[in-house]
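Asks: So here's entry.cif (mmCIF, C-alpha atoms).
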```cif
data_data
#
loop_
_atom_site.label_atom_id
_atom_site.label_comp_id
_atom_site.auth_asym_id
_atom_site.auth_seq_id
_atom_site.Cartn_x
_atom_site.Cartn_y
_atom_site.Cartn_z
CA MET I 94 194.19 145.65 163.64
CA THR I 95 197.42 144.24 165.07
CA ASP I 96 197.84 144.35 168.85
CA THR I 97 201.09 146.29 169.00
CA ALA I 98 201.64 145.36 172.66
CA ALA I 99 201.94 141.70 171.60
CA ALA I 100 203.58 142.31 168.22
CA ALA I 101 206.36 139.98 167.08
CA ILE I 102 207.87 142.98 165.27
CA GLN I 103 207.24 146.60 166.24
CA VAL I 104 208.80 149.39 164.17
CA THR I 105 208.36 153.10 164.84
CA GLY I 106 209.81 156.00 162.86
CA LEU I 107 212.62 154.02 161.23
CA ARG I 108 214.96 156.23 159.18
CA LYS I 109 218.14 155.58 157.23
CA THR I 110 220.23 157.75 154.89
CA PHE I 111 223.14 156.64 152.70
CA GLN I 112 225.84 158.64 150.99
CA VAL I 113 225.79 157.96 147.26
CA LYS I 114 228.62 159.60 145.35
CA GLY I 115 228.94 162.18 148.12
CA ALA I 116 225.23 163.04 148.19
CA PRO I 117 222.80 162.00 150.96
CA ILE I 118 220.03 159.70 149.74
CA ALA I 119 217.18 158.82 152.10
CA ALA I 120 216.50 155.07 152.01
CA LEU I 121 213.91 155.08 154.83
CA THR I 122 211.92 158.16 155.73
CA GLY I 123 209.89 156.95 158.71
CA ILE I 124 208.76 153.32 158.55
CA ASP I 125 206.03 152.28 161.01
CA LEU I 126 205.02 148.60 161.19
CA ALA I 127 203.52 146.11 163.63
CA VAL I 128 203.64 142.40 162.75
CA ALA I 129 201.56 139.94 164.76
CA PRO I 130 202.90 136.62 166.04
CA GLY I 131 202.13 133.74 163.72
CA GLU I 132 201.52 135.66 160.52
CA ILE I 133 203.27 135.87 157.16
CA PHE I 134 203.98 139.53 156.56
CA GLY I 135 205.09 140.71 153.13
CA LEU I 136 207.05 143.89 152.43
CA LEU I 137 206.34 144.66 148.79
CA GLY I 138 207.87 147.31 146.60
CA PRO I 139 210.12 148.03 143.62
CA ASN I 140 213.88 147.66 143.75
CA GLY I 141 215.38 150.49 145.78
CA ALA I 142 212.16 151.19 147.71
CA GLY I 143 213.69 150.39 151.11
CA LYS I 144 212.72 146.73 151.57
CA THR I 145 216.18 145.28 152.07
CA THR I 146 217.32 148.24 154.17
CA THR I 147 214.37 147.67 156.51
CA LEU I 148 215.07 143.96 156.77
CA ARG I 149 218.77 144.48 157.49
CA ILE I 150 217.99 146.91 160.28
CA LEU I 151 215.50 144.49 161.83
CA THR I 152 218.05 141.67 161.71
CA THR I 153 220.77 143.87 163.34
CA LEU I 154 222.93 143.85 160.20
CA LEU I 155 222.61 147.60 159.72
CA PRO I 156 222.12 150.42 162.24
CA ALA I 157 219.22 152.81 161.84
CA ASP I 158 219.79 156.56 161.92
CA ALA I 159 216.60 157.11 163.91
CA GLY I 160 213.56 155.27 165.16
CA GLU I 161 212.94 152.19 167.28
CA ALA I 162 212.50 148.52 166.44
CA LEU I 163 211.57 145.60 168.68
CA VAL I 164 211.93 142.09 167.27
CA ALA I 165 210.80 139.03 169.22
CA GLY I 166 210.64 141.20 172.32
CA ALA I 167 214.19 142.55 172.06
CA ASP I 168 215.47 145.99 171.00
CA VAL I 169 217.57 145.74 167.83
CA ARG I 170 219.82 148.61 168.90
CA ARG I 171 220.25 147.85 172.61
CA GLU I 172 220.00 144.04 172.53
CA PRO I 173 221.34 142.88 169.15
CA ALA I 174 222.76 139.59 170.48
CA LEU I 175 219.38 138.66 171.98
CA VAL I 176 217.61 139.51 168.72
CA ARG I 177 220.00 137.26 166.78
CA ARG I 178 219.35 134.33 169.10
CA ARG I 179 215.60 134.68 168.61
CA ILE I 180 215.41 135.12 164.83
CA GLY I 181 216.28 133.28 161.65
CA TYR I 182 217.54 135.07 158.56
CA VAL I 183 217.81 133.98 154.93
CA GLY I 184 219.39 136.59 152.67
CA GLN I 185 219.15 136.92 148.92
CA LEU I 186 222.51 135.22 148.41
CA GLY I 187 221.93 132.51 151.03
CA GLY I 188 224.44 131.32 153.59
CA ALA I 189 225.08 127.65 152.90
CA ASP I 190 228.63 126.35 152.49
CA VAL I 191 228.46 124.98 148.95
CA ASN I 192 231.48 122.72 149.51
CA ALA I 193 229.82 120.94 152.46
CA THR I 194 226.86 118.59 152.32
CA GLY I 195 223.35 119.62 153.29
CA ARG I 196 223.59 117.52 156.43
CA GLU I 197 226.93 119.07 157.41
CA ASN I 198 225.51 122.56 156.94
CA LEU I 199 222.55 121.84 159.20
CA LEU I 200 224.59 120.14 161.91
CA LEU I 201 227.04 123.04 162.00
CA ALA I 202 224.22 125.58 162.24
CA GLY I 203 222.67 123.64 165.11
CA ARG I 204 225.90 123.54 167.05
CA LEU I 205 226.55 127.24 166.47
CA TYR I 206 223.13 127.97 167.96
CA GLY I 207 223.99 125.96 171.08
CA LEU I 208 222.24 122.66 170.39
CA SER I 209 223.88 119.52 171.74
CA ALA I 210 225.30 117.03 169.24
CA ALA I 211 222.31 114.75 169.77
CA GLY I 212 219.85 117.66 169.59
CA ALA I 213 221.41 118.98 166.38
CA SER I 214 221.25 115.52 164.83
CA ARG I 215 217.56 115.11 165.70
CA ARG I 216 216.67 118.55 164.40
CA CYS I 217 218.71 117.96 161.24
CA ALA I 218 216.85 114.72 160.50
CA GLU I 219 213.51 116.47 161.11
CA LEU I 220 214.26 119.33 158.72
CA LEU I 221 215.67 117.08 156.01
CA GLY I 222 212.30 115.33 156.00
CA VAL I 223 210.20 118.49 156.20
CA PHE I 224 211.97 120.12 153.26
CA GLY I 225 212.32 116.99 151.13
CA LEU I 226 216.10 116.97 151.31
CA GLY I 227 216.57 113.48 152.73
CA ASP I 228 215.63 111.44 149.67
CA GLY I 229 218.04 109.77 147.28
CA GLY I 230 221.15 110.63 149.24
CA LEU I 231 220.63 114.36 148.65
CA ALA I 232 221.47 115.26 152.26
CA ASP I 233 224.96 113.79 151.88
CA ARG I 234 225.76 115.45 148.58
CA SER I 235 227.72 118.65 148.23
CA VAL I 236 225.43 121.69 148.16
CA ARG I 237 227.27 122.73 145.01
CA THR I 238 225.36 119.98 143.18
CA TYR I 239 221.92 121.15 144.38
CA SER I 240 219.36 122.72 142.07
CA GLY I 241 218.19 126.26 142.82
CA GLY I 242 215.05 125.01 144.52
CA GLN I 243 216.92 122.44 146.61
CA ARG I 244 219.47 125.02 147.74
CA ARG I 245 216.76 127.52 148.67
CA ARG I 246 214.93 124.91 150.75
CA LEU I 247 218.18 124.11 152.53
CA GLU I 248 218.79 127.79 153.26
CA VAL I 249 215.33 128.14 154.81
CA ALA I 250 216.00 125.01 156.86
CA LEU I 251 219.24 126.59 158.08
CA GLY I 252 217.29 129.70 159.07
CA ILE I 253 214.93 127.74 161.32
CA MET I 254 217.39 125.15 162.70
CA HIS I 255 217.14 126.70 166.18
CA ARG I 256 213.33 127.13 166.03
CA PRO I 257 213.29 130.94 165.95
CA GLY I 258 210.14 132.83 166.77
CA VAL I 259 210.62 135.14 163.78
CA LEU I 260 212.03 134.20 160.36
CA PHE I 261 213.24 136.90 157.96
CA LEU I 262 213.45 136.14 154.24
CA ASP I 263 214.86 138.56 151.66
CA GLU I 264 213.40 137.86 148.20
CA PRO I 265 213.09 134.15 149.04
CA THR I 266 211.97 132.86 145.62
CA THR I 267 214.06 134.97 143.24
CA GLY I 268 215.32 132.74 140.43
CA LEU I 269 213.09 129.77 141.27
CA ASP I 270 210.82 128.14 138.72
CA PRO I 271 207.05 128.17 139.37
CA GLN I 272 206.98 124.65 140.85
CA ASN I 273 209.79 125.34 143.31
CA ARG I 274 208.23 128.69 144.24
CA ALA I 275 204.93 126.95 145.02
CA ASN I 276 206.72 124.27 147.07
CA LEU I 277 208.55 126.89 149.12
CA TRP I 278 205.29 128.79 149.69
CA ASP I 279 203.79 125.60 151.11
CA GLN I 280 206.72 125.20 153.50
CA LEU I 281 206.40 128.80 154.69
CA ARG I 282 202.69 128.33 155.31
CA GLN I 283 203.47 125.27 157.42
CA LEU I 284 205.94 127.31 159.46
CA ARG I 285 203.25 129.95 159.99
CA ASP I 286 200.73 127.30 160.98
CA GLY I 287 203.26 126.01 163.52
CA GLY I 288 203.32 129.41 165.23
CA ALA I 289 206.33 131.10 163.61
CA THR I 290 206.20 134.67 162.33
CA VAL I 291 207.51 135.03 158.77
CA PHE I 292 208.64 138.43 157.48
CA LEU I 293 209.57 138.48 153.82
CA THR I 294 210.51 141.06 151.23
CA THR I 295 209.45 140.57 147.64
CA HIS I 296 208.80 142.41 144.41
CA TYR I 297 206.61 139.62 143.06
CA LEU I 298 202.96 140.71 143.10
CA ASP I 299 201.58 137.17 143.09
CA GLU I 300 203.87 136.14 145.94
CA ALA I 301 202.70 138.99 148.16
CA ASP I 302 199.08 138.40 147.19
CA GLN I 303 198.90 134.64 147.61
CA LEU I 304 201.37 134.04 150.44
CA SER I 305 201.08 136.98 152.83
CA ASP I 306 198.46 137.35 155.54
CA ARG I 307 199.17 141.09 155.45
CA VAL I 308 201.19 143.32 153.15
CA ALA I 309 202.94 146.66 153.47
CA ILE I 310 203.70 148.35 150.15
CA VAL I 311 206.71 150.65 150.35
CA ASP I 312 207.96 153.28 147.94
CA HIS I 313 210.72 155.86 148.40
CA GLY I 314 211.38 154.65 151.95
CA ARG I 315 207.87 154.93 153.33
CA VAL I 316 204.80 152.72 153.72
CA ILE I 317 202.13 153.79 151.23
CA ALA I 318 199.60 151.01 151.92
CA LEU I 319 199.09 148.43 154.68
CA GLY I 320 196.55 145.65 155.17
CA THR I 321 195.56 142.21 153.94
CA PRO I 322 195.85 141.79 150.16
CA ASP I 323 192.06 141.63 149.85
CA GLU I 324 191.57 144.71 152.05
CA LEU I 325 193.99 146.75 149.99
CA LYS I 326 192.43 145.73 146.71
CA ARG I 327 188.94 146.54 147.97
CA ARG I 328 190.09 149.82 149.50
CA TYR I 329 192.08 151.17 146.58
CA SER I 330 190.56 149.55 143.54
CA ALA I 331 187.47 147.82 142.17
CA ASP I 332 186.45 145.18 139.68
CA THR I 333 186.20 146.18 136.04
CA ILE I 334 183.45 144.75 133.84
CA SER I 335 183.88 144.85 130.08
CA VAL I 336 180.84 144.12 127.88
CA THR I 337 180.64 144.31 124.11
CA PRO I 338 177.00 144.53 123.00
CA GLY I 339 175.95 143.08 119.67
CA PRO I 340 174.64 145.54 117.08
CA GLY I 341 171.08 144.21 117.31
CA ALA I 342 170.98 143.62 113.58
CA PRO I 343 173.58 142.00 111.33
CA GLU I 344 173.59 144.92 108.89
CA ALA I 345 174.23 147.58 111.56
CA GLU I 346 177.29 149.77 111.02
CA PRO I 347 180.20 149.77 113.55
CA MET I 348 179.47 153.43 114.22
CA LEU I 349 175.96 152.53 115.34
CA ALA I 350 177.40 149.89 117.66
CA ARG I 351 179.68 152.47 119.27
CA GLU I 352 176.76 154.88 119.69
CA LEU I 353 174.76 152.08 121.29
CA ALA I 354 177.60 151.37 123.71
CA ARG I 355 177.83 155.03 124.67
CA ASP I 356 174.08 155.18 125.22
CA LEU I 357 174.15 152.09 127.45
CA ALA I 358 177.18 153.35 129.38
CA ARG I 359 175.35 156.58 130.21
CA GLU I 360 172.38 154.61 131.43
CA LEU I 361 174.45 152.25 133.59
CA ALA I 362 176.57 155.08 135.00
CA GLY I 363 173.63 156.15 137.12
CA ALA I 364 173.64 152.91 139.12
CA PRO I 365 174.89 153.30 142.75
CA PHE I 366 177.28 150.36 142.39
CA VAL I 367 179.00 151.79 139.29
CA ASP I 368 181.89 154.15 140.01
CA ARG I 369 182.72 154.89 136.41
CA ALA I 370 181.49 154.03 132.93
CA ASP I 371 183.53 154.38 129.74
CA VAL I 372 183.41 153.19 126.15
CA GLU I 373 186.48 151.82 124.42
CA ASP I 374 186.44 150.24 120.94
CA GLY I 375 182.71 149.65 121.16
CA ALA I 376 182.91 147.95 124.56
CA ILE I 377 181.34 149.25 127.76
CA ARG I 378 183.85 149.34 130.62
CA LEU I 379 182.43 149.72 134.11
CA THR I 380 184.39 150.19 137.32
CA VAL I 381 182.09 148.70 139.95
CA THR I 382 181.80 148.21 143.69
CA ASP I 383 179.38 145.27 143.47
CA THR I 384 180.23 142.95 140.59
CA THR I 385 177.23 140.65 140.95
CA ARG I 386 174.66 143.47 140.89
CA ALA I 387 176.51 145.27 138.11
CA MET I 388 176.58 142.21 135.85
CA ALA I 389 172.87 141.62 136.47
CA ALA I 390 172.13 145.26 135.62
CA VAL I 391 174.19 145.15 132.42
CA PHE I 392 172.51 142.02 131.10
CA GLY I 393 169.12 143.29 132.27
CA VAL I 394 169.48 146.52 130.26
CA LEU I 395 170.69 144.62 127.19
CA ALA I 396 167.89 142.05 127.45
CA ALA I 397 165.25 144.73 127.90
CA ARG I 398 166.37 146.31 124.63
CA GLY I 399 166.66 142.99 122.86
CA ILE I 400 170.38 143.49 122.28
CA PRO I 401 172.64 140.42 122.20
CA THR I 402 175.95 140.33 124.05
CA ARG I 403 179.01 139.67 121.90
CA ALA I 404 181.53 139.36 124.77
CA ALA I 405 181.75 139.93 128.52
CA SER I 406 184.56 139.70 131.06
CA VAL I 407 185.43 140.68 134.65
CA ALA I 408 188.92 141.86 135.66
CA ARG I 409 189.80 141.61 139.36
CA PRO I 410 191.99 144.29 140.97
CA SER I 411 195.60 143.50 141.83
CA LEU I 412 198.20 144.87 144.22
CA ASP I 413 199.67 146.62 141.21
CA ASP I 414 196.42 148.61 141.01
CA VAL I 415 196.98 149.67 144.62
CA PHE I 416 200.52 150.82 143.82
CA LEU I 417 199.29 152.61 140.69
CA ARG I 418 196.59 154.38 142.68
CA GLU I 419 199.08 155.57 145.31
CA THR I 420 202.05 156.51 143.12
CA GLY I 421 200.68 157.15 139.64
CA ARG I 422 202.85 154.42 138.13
CA SER I 423 202.80 150.65 137.85
CA LEU I 424 204.87 148.50 140.16
CA ARG I 425 205.58 146.26 137.17
CA ASP I 426 207.22 149.20 135.39
CA THR I 427 209.58 150.21 138.20
CA GLY I 428 212.90 148.75 137.20
CA GLU I 429 216.07 148.55 139.24
CA ASP I 430 217.82 151.86 139.69
CA THR I 431 221.60 151.53 139.61
CA ALA I 432 222.01 154.47 142.00
CA THR I 433 219.59 153.48 144.74
CA PRO I 434 220.62 153.61 148.41
CA GLU I 435 220.18 149.86 148.66
CA THR I 436 222.63 149.16 145.84
CA ALA I 437 225.03 151.62 147.46
CA GLU I 438 224.62 149.71 150.72
CA VAL I 439 225.55 146.45 149.05
CA ALA I 440 228.61 148.07 147.52
CA ALA I 441 229.60 149.44 150.91
#
```
Can the structure in the file be given as structure tokens, please?
Replies:
Amino acid sequence: MTDTAAAAIQVTGLRKTFQVKGAPIAALTGIDLAVAPGEIFGLLGPNGAGKTTTLRILTTLLPADAGEALVAGADVRREPALVRRRIGYVGQLGGADVNATGRENLLLAGRLYGLSAAGASRRCAELLGVFGLGDGGLADRSVRTYSGGQRRRLEVALGIMHRPGVLFLDEPTTGLDPQNRANLWDQLRQLRDGGATVFLTTHYLDEADQLSDRVAIVDHGRVIALGTPDELKRRYSADTISVTPGPGAPEAEPMLARELARDLARELAGAPFVDRADVEDGAIRLTVTDTTRAMAAVFGVLAARGIPTRAASVARPSLDDVFLRETGRSLRDTGEDTATPETAEVAA
């Protein structure tokens, strides 16, 4: 449980409505969040769910219609200038001047945040090393020549040039290859380990699962699930065991194998650690709360009957299972809606 009194980000009742083709569309319908200092917090959801709208309100780029938000101890509505001094922000499109060099971008950012010339130079050298941008003359090349991964690392470096207490990232790894995504994840973990709070939006399930200390899943402008990735998966889903028993005799008919599977499924369904037992294509599928005990029970029943096992597998739950449980549809299947409030916001 996050201590809201010491939260790096505190959001209560956040609401926002846009006009889309003359009709009001609710982007946020009452967001409540508390993010602890020194954690990576992921806001996960499909396109148009309200992720970017939330982030833009928290970074003072967009006013809320209702609700309150404190970021790094400052009120986003009453103290926007103070919020901006205390945070870093990296948008989806980035903010680097592609005609300048990486070094020039960093030095300018440092000066704009009030660092002295010497202080900006020291911080620039530090970040070029941290983000691997100082090798081979890369720092003194035009950003236009950077790869996608190099440019994204520079943009994150720009966001933390002034050592903000809270860093906001909007879809930070969109368009990056797996290696560059993993490298950026490592850098964000190092920032977290150094005491910074990282708040990121993403629609990548693996990113939210592997990178975030806690996750809020949003849909239709509201939080539908909140907790650590493991907590959510344990709370809303369970492991699935799939076992295909052998027929017991080479000459047995497939129909007999299916009947055997049904018989075994009924027997295993009575176990306290089995939530559900089904048969599909001759395989027993068990939704279980204790995988170790369930696997032992399955093989124990098969061994007691002298029945060989043809195949066995365990499927772990995912954050997509959480979303499916809450909404009735898969997060992977929710494509971008061309008429969402967030796309209208960008157009505005």
Asks: For Thr153 of chain I, which residue out of I:Val259, I:Val176, I:Ala370, I:Ala127 is the nearest one, using all atoms listed in the file?
Replies: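 Of I:Val259, I:Val176, I:Ala370, I:Ala127, the one nearest Thr153 of chain I is I:Val176, counting all atoms listed in the file.
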Asks: Which polymer residues, whether protein, DNA or RNA, lie within 12 Å of the coordinate (211.9, 155.5, 152.1) when you count all atoms listed in the file? List them as a PDB file with C-alpha atoms, in the coordinates of the input, using the chain letters and numbers from the file.
Replies:
```pdb
ATOM      1  CA  GLY I 106     209.810 156.000 162.860  1.00  0.00           C
ATOM      2  CA  LEU I 107     212.620 154.020 161.230  1.00  0.00           C
ATOM      3  CA  ARG I 108     214.960 156.230 159.180  1.00  0.00           C
ATOM      4  CA  LYS I 109     218.140 155.580 157.230  1.00  0.00           C
ATOM      5  CA  THR I 110     220.230 157.750 154.890  1.00  0.00           C
ATOM      6  CA  PHE I 111     223.140 156.640 152.700  1.00  0.00           C
ATOM      7  CA  ILE I 118     220.030 159.700 149.740  1.00  0.00           C
ATOM      8  CA  ALA I 119     217.180 158.820 152.100  1.00  0.00           C
ATOM      9  CA  ALA I 120     216.500 155.070 152.010  1.00  0.00           C
ATOM     10  CA  LEU I 121     213.910 155.080 154.830  1.00  0.00           C
ATOM     11  CA  THR I 122     211.920 158.160 155.730  1.00  0.00           C
ATOM     12  CA  GLY I 123     209.890 156.950 158.710  1.00  0.00           C
ATOM     13  CA  ILE I 124     208.760 153.320 158.550  1.00  0.00           C
ATOM     14  CA  ASP I 125     206.030 152.280 161.010  1.00  0.00           C
ATOM     15  CA  GLY I 138     207.870 147.310 146.600  1.00  0.00           C
ATOM     16  CA  PRO I 139     210.120 148.030 143.620  1.00  0.00           C
ATOM     17  CA  ASN I 140     213.880 147.660 143.750  1.00  0.00           C
ATOM     18  CA  GLY I 141     215.380 150.490 145.780  1.00  0.00           C
ATOM     19  CA  ALA I 142     212.160 151.190 147.710  1.00  0.00           C
ATOM     20  CA  GLY I 143     213.690 150.390 151.110  1.00  0.00           C
ATOM     21  CA  LYS I 144     212.720 146.730 151.570  1.00  0.00           C
ATOM     22  CA  THR I 145     216.180 145.280 152.070  1.00  0.00           C
ATOM     23  CA  THR I 146     217.320 148.240 154.170  1.00  0.00           C
ATOM     24  CA  THR I 147     214.370 147.670 156.510  1.00  0.00           C
ATOM     25  CA  ILE I 310     203.700 148.350 150.150  1.00  0.00           C
ATOM     26  CA  VAL I 311     206.710 150.650 150.350  1.00  0.00           C
ATOM     27  CA  ASP I 312     207.960 153.280 147.940  1.00  0.00           C
ATOM     28  CA  HIS I 313     210.720 155.860 148.400  1.00  0.00           C
ATOM     29  CA  GLY I 314     211.380 154.650 151.950  1.00  0.00           C
ATOM     30  CA  ARG I 315     207.870 154.930 153.330  1.00  0.00           C
ATOM     31  CA  VAL I 316     204.800 152.720 153.720  1.00  0.00           C
ATOM     32  CA  ILE I 317     202.130 153.790 151.230  1.00  0.00           C
ATOM     33  CA  THR I 433     219.590 153.480 144.740  1.00  0.00           C
ATOM     34  CA  PRO I 434     220.620 153.610 148.410  1.00  0.00           C
ATOM     35  CA  GLU I 435     220.180 149.860 148.660  1.00  0.00           C
TER      36      GLU I 435
END
```
Asks: Fewer than 6 positions away in the same chain doesn't count, so skip those; otherwise give me all residues within 10 Å of Ala301 of chain I, counting all atoms listed in the file, as a tab-separated table (two decimals) with C-alpha atoms, keeping the file's coordinate frame.
Replies:
```tsv
chain	number	residue	atom	x	y	z
I	133	ILE	CA	203.27	135.87	157.16
I	134	PHE	CA	203.98	139.53	156.56
I	135	GLY	CA	205.09	140.71	153.13
I	136	LEU	CA	207.05	143.89	152.43
I	137	LEU	CA	206.34	144.66	148.79
I	138	GLY	CA	207.87	147.31	146.60
I	293	LEU	CA	209.57	138.48	153.82
I	294	THR	CA	210.51	141.06	151.23
I	295	THR	CA	209.45	140.57	147.64
I	307	ARG	CA	199.17	141.09	155.45
I	308	VAL	CA	201.19	143.32	153.15
I	309	ALA	CA	202.94	146.66	153.47
I	310	ILE	CA	203.70	148.35	150.15
I	321	THR	CA	195.56	142.21	153.94
I	322	PRO	CA	195.85	141.79	150.16
I	412	LEU	CA	198.20	144.87	144.22
```
Asks: Return as JSON, numbers by chain the set of residues that the PyMOL selection byres ((chain I and resi 193) around 9) yields on the displayed structure.
Replies: {"I": [189, 190, 191, 192, 194, 195, 196, 197, 198, 233, 234, 235, 236, 237]}
Asks: What does the distance between atom CA of Thr382 of chain I and atom CA of Arg327 of chain I come to in Å, to one decimal place?
Replies: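 So the answer is 8.5 Å.
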Asks: How many Å lie between atom CA of Gly227 of chain I and atom CA of Ser209 of chain I, rounded to one decimal?
Replies: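 Atom CA of Gly227 of chain I sits 21.2 Å away from atom CA of Ser209 of chain I.
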Asks: What is the atom CA of Ala218 of chain I to atom CA of Val164 of chain I distance in Å?
Replies: 28.6 Å
Asks: Determine the nearest neighbour of Thr105 of chain I from the options I:Arg149, I:Arg246, I:Ile253, I:Gly160, counting all atoms listed in the file.
Replies: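 Counting all atoms listed in the file, the residue closest to Thr105 of chain I is I:Gly160.
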Asks: Once the PyMOL selection byres ((chain I and resi 323) around 12) has been evaluated on this model, what residues remain selected, and can you format them as number ranges by chain?
Replies: I: 301-303, 305-308, 319-322, 324-331, 409-412, 415
